[in-house]
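Chemist: Shown below is the structure under consideration.
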Amino acid sequence: MVRFQAQAAKIYLVGFMGAGKTSLGRQLAERLVWPFEDLDATIERKERSKILRIFLEKGEAYFRDLECRALAEAAAQPGRAIIASGGGAFCSPDNRAVMQRTGITVWIDQPFERIWSRRDELSELRPLLRGEDDLRRLYDERAPLYALSTLHLTVGDRDLPDALEDLMRLLAGWCGSSSRSAS
């Protein structure tokens, strides 16, 4: 078992919609015995509405403002936490700065083809899930921003337990190199 001692107070999981941030985040939080927060779930709870309905009724700009506020609140909470962000959260320079100032960011990188293969499962939950060409364009626009993350975990076809083990190793390696460079 890989032990992980965090230098940062928060671990933010970022990446495209449907990449597995929430599933992996819950498992990571359970393993580390840290609190877990899914920003989309927080927004839905506070708004008493699904993300899709918020997008349709109030627009993307309204949603992005809610997302920014939810992130700021989560980041301001004392102590450690695993935070799964929405697919567009890390694309905002302000949100990116908050995450990088208060923790480390991990890009949960799922190939486009894998996300597209899950489109039927995801379509009811994802307001920006349109046709393949539009989704591919959005994926390609966001990938360079996700690449600004502290760490990069390529998930691919691995199952959740294997991806979690790889994430634990990645985090442990980062903590080791981070503490050596600070001395």
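Labeling convention for the structure tokens: chains A, B, ... as they appear, residues from 1 per chain, ligands from 1 in order of appearance.
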Near Pro161 in chain A, within 10 Å and counting only C-alpha atoms, which residues show up once chain neighbours fewer than 4 positions away are dropped, as a list of chain:residue names?
Modeler: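 The residues satisfying every condition are A:Leu24, A:Gln27, A:Leu28, A:Glu165, A:Asp166, A:Leu167.
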Chemist: Might you pull out every residue within 12 Å of range 91-95 of chain A, with only C-alpha atoms counted and same-chain residues fewer than 3 positions away left off, and present them as a ChimeraX atom specification?
Modeler: /A:12,14-16,61,64-75,85-88,98-102,105,107,138-139,141-149
Chemist: Emit the selected residues as an mmCIF file, in the first residue's frame, including C-alpha atoms.
Modeler:
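So selection-v7.cif came out as:
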```cif
data_model
loop_
_atom_site.group_PDB
_atom_site.id
_atom_site.type_symbol
_atom_site.label_atom_id
_atom_site.label_comp_id
_atom_site.auth_asym_id
_atom_site.auth_seq_id
_atom_site.Cartn_x
_atom_site.Cartn_y
_atom_site.Cartn_z
ATOM 1 C CA TYR A 12 -8.389 19.242 -6.833
ATOM 2 C CA VAL A 14 -9.789 18.453 -12.858
ATOM 3 C CA GLY A 15 -10.536 17.205 -16.348
ATOM 4 C CA PHE A 16 -13.176 16.855 -18.990
ATOM 5 C CA ALA A 61 -22.562 32.573 -17.345
ATOM 6 C CA ARG A 64 -19.953 29.679 -14.050
ATOM 7 C CA ASP A 65 -20.533 32.346 -11.391
ATOM 8 C CA LEU A 66 -22.066 29.725 -9.088
ATOM 9 C CA GLU A 67 -19.131 27.422 -9.823
ATOM 10 C CA CYS A 68 -16.619 30.156 -8.972
ATOM 11 C CA ARG A 69 -18.358 30.862 -5.661
ATOM 12 C CA ALA A 70 -18.643 27.170 -4.769
ATOM 13 C CA LEU A 71 -14.932 26.715 -5.448
ATOM 14 C CA ALA A 72 -13.995 29.759 -3.363
ATOM 15 C CA GLU A 73 -16.064 28.420 -0.457
ATOM 16 C CA ALA A 74 -14.557 24.934 -0.713
ATOM 17 C CA ALA A 75 -11.032 26.335 -0.944
ATOM 18 C CA SER A 85 -14.387 20.170 -10.074
ATOM 19 C CA GLY A 86 -16.728 20.485 -12.990
ATOM 20 C CA GLY A 87 -15.251 20.057 -16.464
ATOM 21 C CA GLY A 88 -15.041 23.793 -17.147
ATOM 22 C CA VAL A 98 -7.560 29.542 -6.439
ATOM 23 C CA MET A 99 -6.866 25.837 -6.909
ATOM 24 C CA GLN A 100 -3.143 26.308 -7.410
ATOM 25 C CA ARG A 101 -2.869 28.640 -4.411
ATOM 26 C CA THR A 102 -4.747 26.353 -1.999
ATOM 27 C CA THR A 105 -4.348 19.939 -9.113
ATOM 28 C CA TRP A 107 -5.695 16.244 -14.390
ATOM 29 C CA LEU A 138 -14.482 21.565 -26.630
ATOM 30 C CA TYR A 139 -12.241 18.687 -25.504
ATOM 31 C CA GLU A 141 -9.835 23.529 -26.429
ATOM 32 C CA ARG A 142 -9.699 22.455 -22.795
ATOM 33 C CA ALA A 143 -6.869 19.900 -22.914
ATOM 34 C CA PRO A 144 -4.055 22.517 -22.980
ATOM 35 C CA LEU A 145 -5.601 24.183 -19.921
ATOM 36 C CA TYR A 146 -5.888 20.899 -18.031
ATOM 37 C CA ALA A 147 -2.214 20.325 -18.891
ATOM 38 C CA LEU A 148 -1.399 23.243 -16.559
ATOM 39 C CA SER A 149 -2.261 20.971 -13.614
#
```
Chemist: Quick one: DSSP strand (DSSP E or B) residues in chain A, as a list of chain:residue names?
Modeler: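 These are the residues in question: A:Lys10, A:Ile11, A:Tyr12, A:Leu13, A:Val14, A:Phe36, A:Glu37, A:Asp38, A:Ala81, A:Ile82, A:Ile83, A:Ala84, A:Gly103, A:Ile104, A:Thr105, A:Val106, A:Trp107, A:Ile108, A:Asp109, A:Leu151, A:His152, A:Leu153, A:Thr154.
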Chemist: Would you save the residues of that selection, restricted to N, CA and C atoms, as a compact mmCIF listing (two decimals), in the first residue's frame?
Modeler:
```
# COMPACT_ATOMS: atom_id res chain seq x y z
N LYS A 10 -5.53 20.86 -0.07
CA LYS A 10 -6.59 20.36 -0.95
C LYS A 10 -5.98 19.65 -2.15
N ILE A 11 -6.69 18.64 -2.62
CA ILE A 11 -6.35 18.00 -3.88
C ILE A 11 -7.55 18.20 -4.79
N TYR A 12 -7.33 18.94 -5.87
CA TYR A 12 -8.39 19.24 -6.83
C TYR A 12 -8.26 18.31 -8.03
N LEU A 13 -9.32 17.61 -8.34
CA LEU A 13 -9.35 16.75 -9.51
C LEU A 13 -10.02 17.52 -10.63
N VAL A 14 -9.30 17.68 -11.72
CA VAL A 14 -9.79 18.45 -12.86
C VAL A 14 -9.77 17.57 -14.10
N PHE A 36 -14.64 14.70 1.09
CA PHE A 36 -14.79 14.78 -0.36
C PHE A 36 -15.89 15.77 -0.69
N GLU A 37 -15.64 16.59 -1.72
CA GLU A 37 -16.68 17.48 -2.20
C GLU A 37 -16.67 17.47 -3.72
N ASP A 38 -17.85 17.32 -4.29
CA ASP A 38 -18.06 17.43 -5.73
C ASP A 38 -18.71 18.79 -5.96
N ALA A 81 -8.98 18.27 1.92
CA ALA A 81 -10.16 17.79 1.21
C ALA A 81 -9.77 17.37 -0.20
N ILE A 82 -10.55 16.45 -0.71
CA ILE A 82 -10.49 16.08 -2.12
C ILE A 82 -11.67 16.78 -2.77
N ILE A 83 -11.40 17.55 -3.83
CA ILE A 83 -12.46 18.32 -4.47
C ILE A 83 -12.50 17.98 -5.96
N ALA A 84 -13.64 17.46 -6.41
CA ALA A 84 -13.85 17.18 -7.83
C ALA A 84 -14.50 18.41 -8.44
N GLY A 103 -3.88 24.32 -3.05
CA GLY A 103 -3.67 22.88 -3.09
C GLY A 103 -2.91 22.47 -4.33
N ILE A 104 -3.09 21.22 -4.69
CA ILE A 104 -2.50 20.72 -5.92
C ILE A 104 -3.63 20.27 -6.85
N THR A 105 -3.34 20.32 -8.12
CA THR A 105 -4.35 19.94 -9.11
C THR A 105 -3.88 18.69 -9.84
N VAL A 106 -4.82 17.81 -10.08
CA VAL A 106 -4.53 16.57 -10.80
C VAL A 106 -5.48 16.47 -11.98
N TRP A 107 -4.91 16.42 -13.17
CA TRP A 107 -5.69 16.24 -14.39
C TRP A 107 -6.03 14.77 -14.54
N ILE A 108 -7.31 14.46 -14.44
CA ILE A 108 -7.80 13.10 -14.70
C ILE A 108 -8.08 13.05 -16.20
N ASP A 109 -7.14 12.47 -16.91
CA ASP A 109 -7.13 12.51 -18.37
C ASP A 109 -7.73 11.23 -18.94
N LEU A 151 -0.26 17.74 -11.53
CA LEU A 151 -0.02 16.34 -11.87
C LEU A 151 -0.96 15.90 -12.98
N HIS A 152 -0.58 14.83 -13.67
CA HIS A 152 -1.35 14.33 -14.81
C HIS A 152 -1.52 12.82 -14.67
N LEU A 153 -2.76 12.37 -14.57
CA LEU A 153 -3.07 10.94 -14.49
C LEU A 153 -3.85 10.54 -15.73
N THR A 154 -3.25 9.72 -16.57
CA THR A 154 -3.95 9.19 -17.73
C THR A 154 -4.68 7.93 -17.29
```
Chemist: Work out how far apart CA of Val155 in chain A and CA of Arg26 in chain A are and give it in Å to one decimal.
Modeler: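 It comes out at 15.7 Å.
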Chemist: Would you mind telling me which residue in A:Cys175, A:Ile115, A:Ala97, A:Ile43 lies nearest to Phe55 in chain A when using only C-alpha atoms?
Modeler: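 Going through A:Cys175, A:Ile115, A:Ala97, A:Ile43 one by one, the smallest distance to Phe55 in chain A is for A:Ile43.
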Chemist: Nearest residue to Ile51 in chain A out of A:Leu170, A:Leu39, A:Leu32, A:Ala9, using only C-alpha atoms?
Modeler: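 Counting only C-alpha atoms, the residue closest to Ile51 in chain A is A:Leu39.
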Chemist: Please extract the residues of range 4-142 of chain A with a backbone DSSP assignment of helix (DSSP H, G or I) and present them as a CSV table (one decimal) with N, CA and C atoms, in the first residue's frame.
Modeler:
```csv
chain,number,residue,atom,x,y,z
A,21,LYS,N,-13.8,12.1,-12.5
A,21,LYS,CA,-13.3,12.9,-11.3
A,21,LYS,C,-14.0,12.6,-10.0
A,22,THR,N,-15.4,12.5,-10.1
A,22,THR,CA,-16.2,12.2,-8.9
A,22,THR,C,-15.9,10.8,-8.4
A,23,SER,N,-16.0,9.8,-9.3
A,23,SER,CA,-15.8,8.4,-8.9
A,23,SER,C,-14.4,8.2,-8.2
A,24,LEU,N,-13.4,8.8,-8.9
A,24,LEU,CA,-12.0,8.6,-8.4
A,24,LEU,C,-11.8,9.4,-7.1
A,25,GLY,N,-12.4,10.6,-7.1
A,25,GLY,CA,-12.4,11.5,-5.9
A,25,GLY,C,-13.0,10.8,-4.7
A,26,ARG,N,-14.1,10.2,-4.8
A,26,ARG,CA,-14.7,9.5,-3.7
A,26,ARG,C,-13.8,8.4,-3.2
A,27,GLN,N,-13.3,7.6,-4.1
A,27,GLN,CA,-12.4,6.5,-3.7
A,27,GLN,C,-11.1,7.1,-3.0
A,28,LEU,N,-10.5,8.1,-3.6
A,28,LEU,CA,-9.3,8.7,-3.0
A,28,LEU,C,-9.6,9.3,-1.6
A,29,ALA,N,-10.7,9.9,-1.4
A,29,ALA,CA,-11.1,10.5,-0.1
A,29,ALA,C,-11.3,9.4,0.9
A,30,GLU,N,-11.9,8.3,0.5
A,30,GLU,CA,-12.1,7.2,1.4
A,30,GLU,C,-10.8,6.6,1.8
A,31,ARG,N,-9.9,6.4,0.8
A,31,ARG,CA,-8.5,5.8,1.1
A,31,ARG,C,-7.7,6.7,2.0
A,32,LEU,N,-7.8,8.0,1.8
A,32,LEU,CA,-7.0,9.0,2.6
A,32,LEU,C,-7.7,9.4,3.9
A,39,LEU,N,-18.0,19.7,-6.7
A,39,LEU,CA,-18.5,21.0,-6.8
A,39,LEU,C,-19.9,21.1,-7.5
A,40,ASP,N,-20.1,20.2,-8.5
A,40,ASP,CA,-21.4,20.2,-9.2
A,40,ASP,C,-22.5,19.8,-8.3
A,41,ALA,N,-22.2,18.8,-7.4
A,41,ALA,CA,-23.2,18.4,-6.5
A,41,ALA,C,-23.5,19.5,-5.4
A,42,THR,N,-22.5,20.2,-5.1
A,42,THR,CA,-22.7,21.3,-4.1
A,42,THR,C,-23.6,22.4,-4.8
A,43,ILE,N,-23.3,22.7,-6.0
A,43,ILE,CA,-24.1,23.7,-6.7
A,43,ILE,C,-25.6,23.2,-6.8
A,44,GLU,N,-25.8,22.0,-7.2
A,44,GLU,CA,-27.1,21.4,-7.3
A,44,GLU,C,-27.9,21.5,-6.0
A,45,ARG,N,-27.2,21.2,-4.9
A,45,ARG,CA,-27.8,21.2,-3.6
A,45,ARG,C,-28.2,22.6,-3.2
A,46,LYS,N,-27.3,23.6,-3.4
A,46,LYS,CA,-27.6,25.0,-3.0
A,46,LYS,C,-28.7,25.6,-3.9
A,47,GLU,N,-28.7,25.2,-5.2
A,47,GLU,CA,-29.6,25.8,-6.1
A,47,GLU,C,-30.9,25.0,-6.1
A,51,ILE,N,-27.7,20.6,-12.7
A,51,ILE,CA,-26.9,21.5,-13.5
A,51,ILE,C,-27.5,21.7,-14.9
A,52,LEU,N,-28.0,20.7,-15.5
A,52,LEU,CA,-28.6,20.9,-16.8
A,52,LEU,C,-29.7,22.0,-16.8
A,53,ARG,N,-30.6,21.9,-15.8
A,53,ARG,CA,-31.7,22.9,-15.7
A,53,ARG,C,-31.1,24.3,-15.4
A,54,ILE,N,-30.1,24.4,-14.6
A,54,ILE,CA,-29.5,25.7,-14.4
A,54,ILE,C,-29.0,26.3,-15.7
A,55,PHE,N,-28.3,25.5,-16.5
A,55,PHE,CA,-27.8,25.9,-17.8
A,55,PHE,C,-28.9,26.4,-18.7
A,56,LEU,N,-30.0,25.5,-18.8
A,56,LEU,CA,-31.1,25.8,-19.7
A,56,LEU,C,-31.9,27.0,-19.3
A,57,GLU,N,-32.1,27.2,-18.0
A,57,GLU,CA,-33.0,28.3,-17.5
A,57,GLU,C,-32.2,29.6,-17.2
A,58,LYS,N,-31.0,29.5,-16.8
A,58,LYS,CA,-30.3,30.7,-16.4
A,58,LYS,C,-29.0,31.0,-17.1
A,60,GLU,N,-25.1,29.7,-19.1
A,60,GLU,CA,-23.8,29.2,-18.7
A,60,GLU,C,-23.1,30.2,-17.8
A,61,ALA,N,-23.2,31.5,-18.1
A,61,ALA,CA,-22.6,32.6,-17.3
A,61,ALA,C,-23.0,32.5,-15.9
A,62,TYR,N,-24.3,32.3,-15.7
A,62,TYR,CA,-24.8,32.2,-14.3
A,62,TYR,C,-24.2,31.0,-13.6
A,63,PHE,N,-24.2,29.9,-14.3
A,63,PHE,CA,-23.6,28.7,-13.8
A,63,PHE,C,-22.2,28.9,-13.4
A,64,ARG,N,-21.4,29.5,-14.3
A,64,ARG,CA,-20.0,29.7,-14.0
A,64,ARG,C,-19.7,30.5,-12.8
A,65,ASP,N,-20.6,31.5,-12.6
A,65,ASP,CA,-20.5,32.3,-11.4
A,65,ASP,C,-20.8,31.5,-10.1
A,66,LEU,N,-21.8,30.6,-10.2
A,66,LEU,CA,-22.1,29.7,-9.1
A,66,LEU,C,-20.9,28.8,-8.8
A,67,GLU,N,-20.3,28.3,-9.9
A,67,GLU,CA,-19.1,27.4,-9.8
A,67,GLU,C,-17.9,28.1,-9.2
A,68,CYS,N,-17.7,29.4,-9.5
A,68,CYS,CA,-16.6,30.2,-9.0
A,68,CYS,C,-16.8,30.3,-7.5
A,69,ARG,N,-18.1,30.7,-7.1
A,69,ARG,CA,-18.4,30.9,-5.7
A,69,ARG,C,-18.2,29.6,-4.9
A,70,ALA,N,-18.7,28.5,-5.5
A,70,ALA,CA,-18.6,27.2,-4.8
A,70,ALA,C,-17.2,26.8,-4.6
A,71,LEU,N,-16.4,27.0,-5.6
A,71,LEU,CA,-14.9,26.7,-5.4
A,71,LEU,C,-14.3,27.6,-4.4
A,72,ALA,N,-14.6,28.9,-4.4
A,72,ALA,CA,-14.0,29.8,-3.4
A,72,ALA,C,-14.4,29.3,-1.9
A,73,GLU,N,-15.6,28.9,-1.8
A,73,GLU,CA,-16.1,28.4,-0.5
A,73,GLU,C,-15.4,27.1,-0.1
A,74,ALA,N,-15.2,26.2,-1.0
A,74,ALA,CA,-14.6,24.9,-0.7
A,74,ALA,C,-13.1,25.2,-0.4
A,75,ALA,N,-12.4,26.0,-1.2
A,75,ALA,CA,-11.0,26.3,-0.9
A,75,ALA,C,-10.8,27.0,0.4
A,76,ALA,N,-11.8,27.8,0.9
A,76,ALA,CA,-11.6,28.5,2.1
A,76,ALA,C,-11.8,27.7,3.4
A,89,ALA,N,-14.4,24.2,-14.8
A,89,ALA,CA,-14.0,25.0,-13.7
A,89,ALA,C,-12.5,25.4,-13.9
A,90,PHE,N,-11.6,24.5,-14.2
A,90,PHE,CA,-10.2,24.8,-14.3
A,90,PHE,C,-9.9,25.7,-15.5
A,91,CYS,N,-10.8,25.8,-16.4
A,91,CYS,CA,-10.6,26.7,-17.6
A,91,CYS,C,-10.6,28.1,-17.3
A,93,PRO,N,-9.2,31.3,-15.5
A,93,PRO,CA,-7.9,31.7,-14.9
A,93,PRO,C,-8.1,31.9,-13.4
A,94,ASP,N,-9.2,32.6,-13.0
A,94,ASP,CA,-9.4,32.9,-11.6
A,94,ASP,C,-9.6,31.6,-10.8
A,95,ASN,N,-10.4,30.6,-11.3
A,95,ASN,CA,-10.5,29.3,-10.6
A,95,ASN,C,-9.2,28.6,-10.5
A,96,ARG,N,-8.5,28.6,-11.6
A,96,ARG,CA,-7.2,27.9,-11.7
A,96,ARG,C,-6.3,28.5,-10.6
A,97,ALA,N,-6.3,29.8,-10.5
A,97,ALA,CA,-5.4,30.4,-9.5
A,97,ALA,C,-5.8,30.0,-8.0
A,98,VAL,N,-7.1,30.0,-7.8
A,98,VAL,CA,-7.6,29.5,-6.4
A,98,VAL,C,-7.1,28.1,-6.1
A,99,MET,N,-7.3,27.2,-7.1
A,99,MET,CA,-6.9,25.8,-6.9
A,99,MET,C,-5.4,25.7,-6.7
A,100,GLN,N,-4.6,26.4,-7.5
A,100,GLN,CA,-3.1,26.3,-7.4
A,100,GLN,C,-2.6,27.0,-6.1
A,101,ARG,N,-3.3,28.0,-5.6
A,101,ARG,CA,-2.9,28.6,-4.4
A,101,ARG,C,-3.2,27.8,-3.2
A,102,THR,N,-4.3,27.0,-3.2
A,102,THR,CA,-4.7,26.4,-2.0
A,102,THR,C,-4.5,24.8,-2.0
A,112,PHE,N,-10.7,11.1,-25.4
A,112,PHE,CA,-12.0,11.6,-26.0
A,112,PHE,C,-12.8,10.4,-26.4
A,113,GLU,N,-12.3,9.4,-27.0
A,113,GLU,CA,-13.0,8.2,-27.5
A,113,GLU,C,-13.8,7.6,-26.3
A,114,ARG,N,-13.1,7.5,-25.2
A,114,ARG,CA,-13.7,6.8,-24.0
A,114,ARG,C,-14.9,7.7,-23.5
A,115,ILE,N,-14.7,9.0,-23.5
A,115,ILE,CA,-15.8,9.9,-23.1
A,115,ILE,C,-17.0,9.8,-24.0
A,116,TRP,N,-16.6,9.8,-25.3
A,116,TRP,CA,-17.7,9.8,-26.3
A,116,TRP,C,-18.5,8.5,-26.3
A,117,SER,N,-17.8,7.4,-26.0
A,117,SER,CA,-18.5,6.1,-25.9
A,117,SER,C,-19.5,6.0,-24.7
A,119,ARG,N,-21.5,8.6,-24.0
A,119,ARG,CA,-22.4,9.8,-24.2
A,119,ARG,C,-23.8,9.5,-23.8
A,120,ASP,N,-24.3,8.3,-24.0
A,120,ASP,CA,-25.7,8.1,-23.6
A,120,ASP,C,-25.9,8.1,-22.1
A,121,GLU,N,-24.9,7.6,-21.4
A,121,GLU,CA,-24.9,7.6,-19.9
A,121,GLU,C,-24.8,9.0,-19.4
A,122,LEU,N,-24.0,9.9,-20.1
A,122,LEU,CA,-23.7,11.2,-19.7
A,122,LEU,C,-24.7,12.3,-20.1
A,132,GLU,N,-20.8,15.0,-31.7
A,132,GLU,CA,-19.4,14.6,-31.6
A,132,GLU,C,-18.4,15.7,-32.0
A,133,ASP,N,-18.6,16.4,-33.1
A,133,ASP,CA,-17.7,17.4,-33.5
A,133,ASP,C,-17.6,18.5,-32.5
A,134,ASP,N,-18.8,19.0,-32.0
A,134,ASP,CA,-18.7,20.1,-31.0
A,134,ASP,C,-18.0,19.6,-29.7
A,135,LEU,N,-18.3,18.4,-29.3
A,135,LEU,CA,-17.7,17.9,-28.1
A,135,LEU,C,-16.2,17.7,-28.2
A,136,ARG,N,-15.8,17.2,-29.4
A,136,ARG,CA,-14.4,17.1,-29.7
A,136,ARG,C,-13.7,18.4,-29.7
A,137,ARG,N,-14.3,19.4,-30.3
A,137,ARG,CA,-13.7,20.8,-30.3
A,137,ARG,C,-13.5,21.3,-28.9
A,138,LEU,N,-14.6,21.1,-28.0
A,138,LEU,CA,-14.5,21.6,-26.6
A,138,LEU,C,-13.4,20.8,-25.9
A,139,TYR,N,-13.3,19.5,-26.1
A,139,TYR,CA,-12.2,18.7,-25.5
A,139,TYR,C,-10.9,19.2,-25.9
A,140,ASP,N,-10.7,19.5,-27.2
A,140,ASP,CA,-9.4,19.9,-27.7
A,140,ASP,C,-9.1,21.3,-27.2
A,141,GLU,N,-10.1,22.2,-27.0
A,141,GLU,CA,-9.8,23.5,-26.4
A,141,GLU,C,-9.4,23.4,-25.0
A,142,ARG,N,-10.0,22.5,-24.2
A,142,ARG,CA,-9.7,22.5,-22.8
A,142,ARG,C,-8.4,21.7,-22.4
```
Chemist: One decimal, Å: what's the distance from CA of Asp162 in chain A over to CA of Thr150 in chain A, could you say?
Modeler: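 Between CA of Asp162 in chain A and CA of Thr150 in chain A the gap works out to 20.6 Å.
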Chemist: What separation in Å, quoted to one decimal, exists between CA of Arg118 in chain A and CA of Trp34 in chain A?
Modeler: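 Going from CA of Arg118 in chain A over to CA of Trp34 in chain A covers 29.0 Å.
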Chemist: Which residue is closest to Arg158 in chain A? Choose from A:Pro111, A:Gly59, A:Pro35, A:Gly79 and count only C-alpha atoms.
Modeler: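 Between A:Pro111, A:Gly59, A:Pro35, A:Gly79, the residue approaching Arg158 in chain A most closely is A:Pro111.
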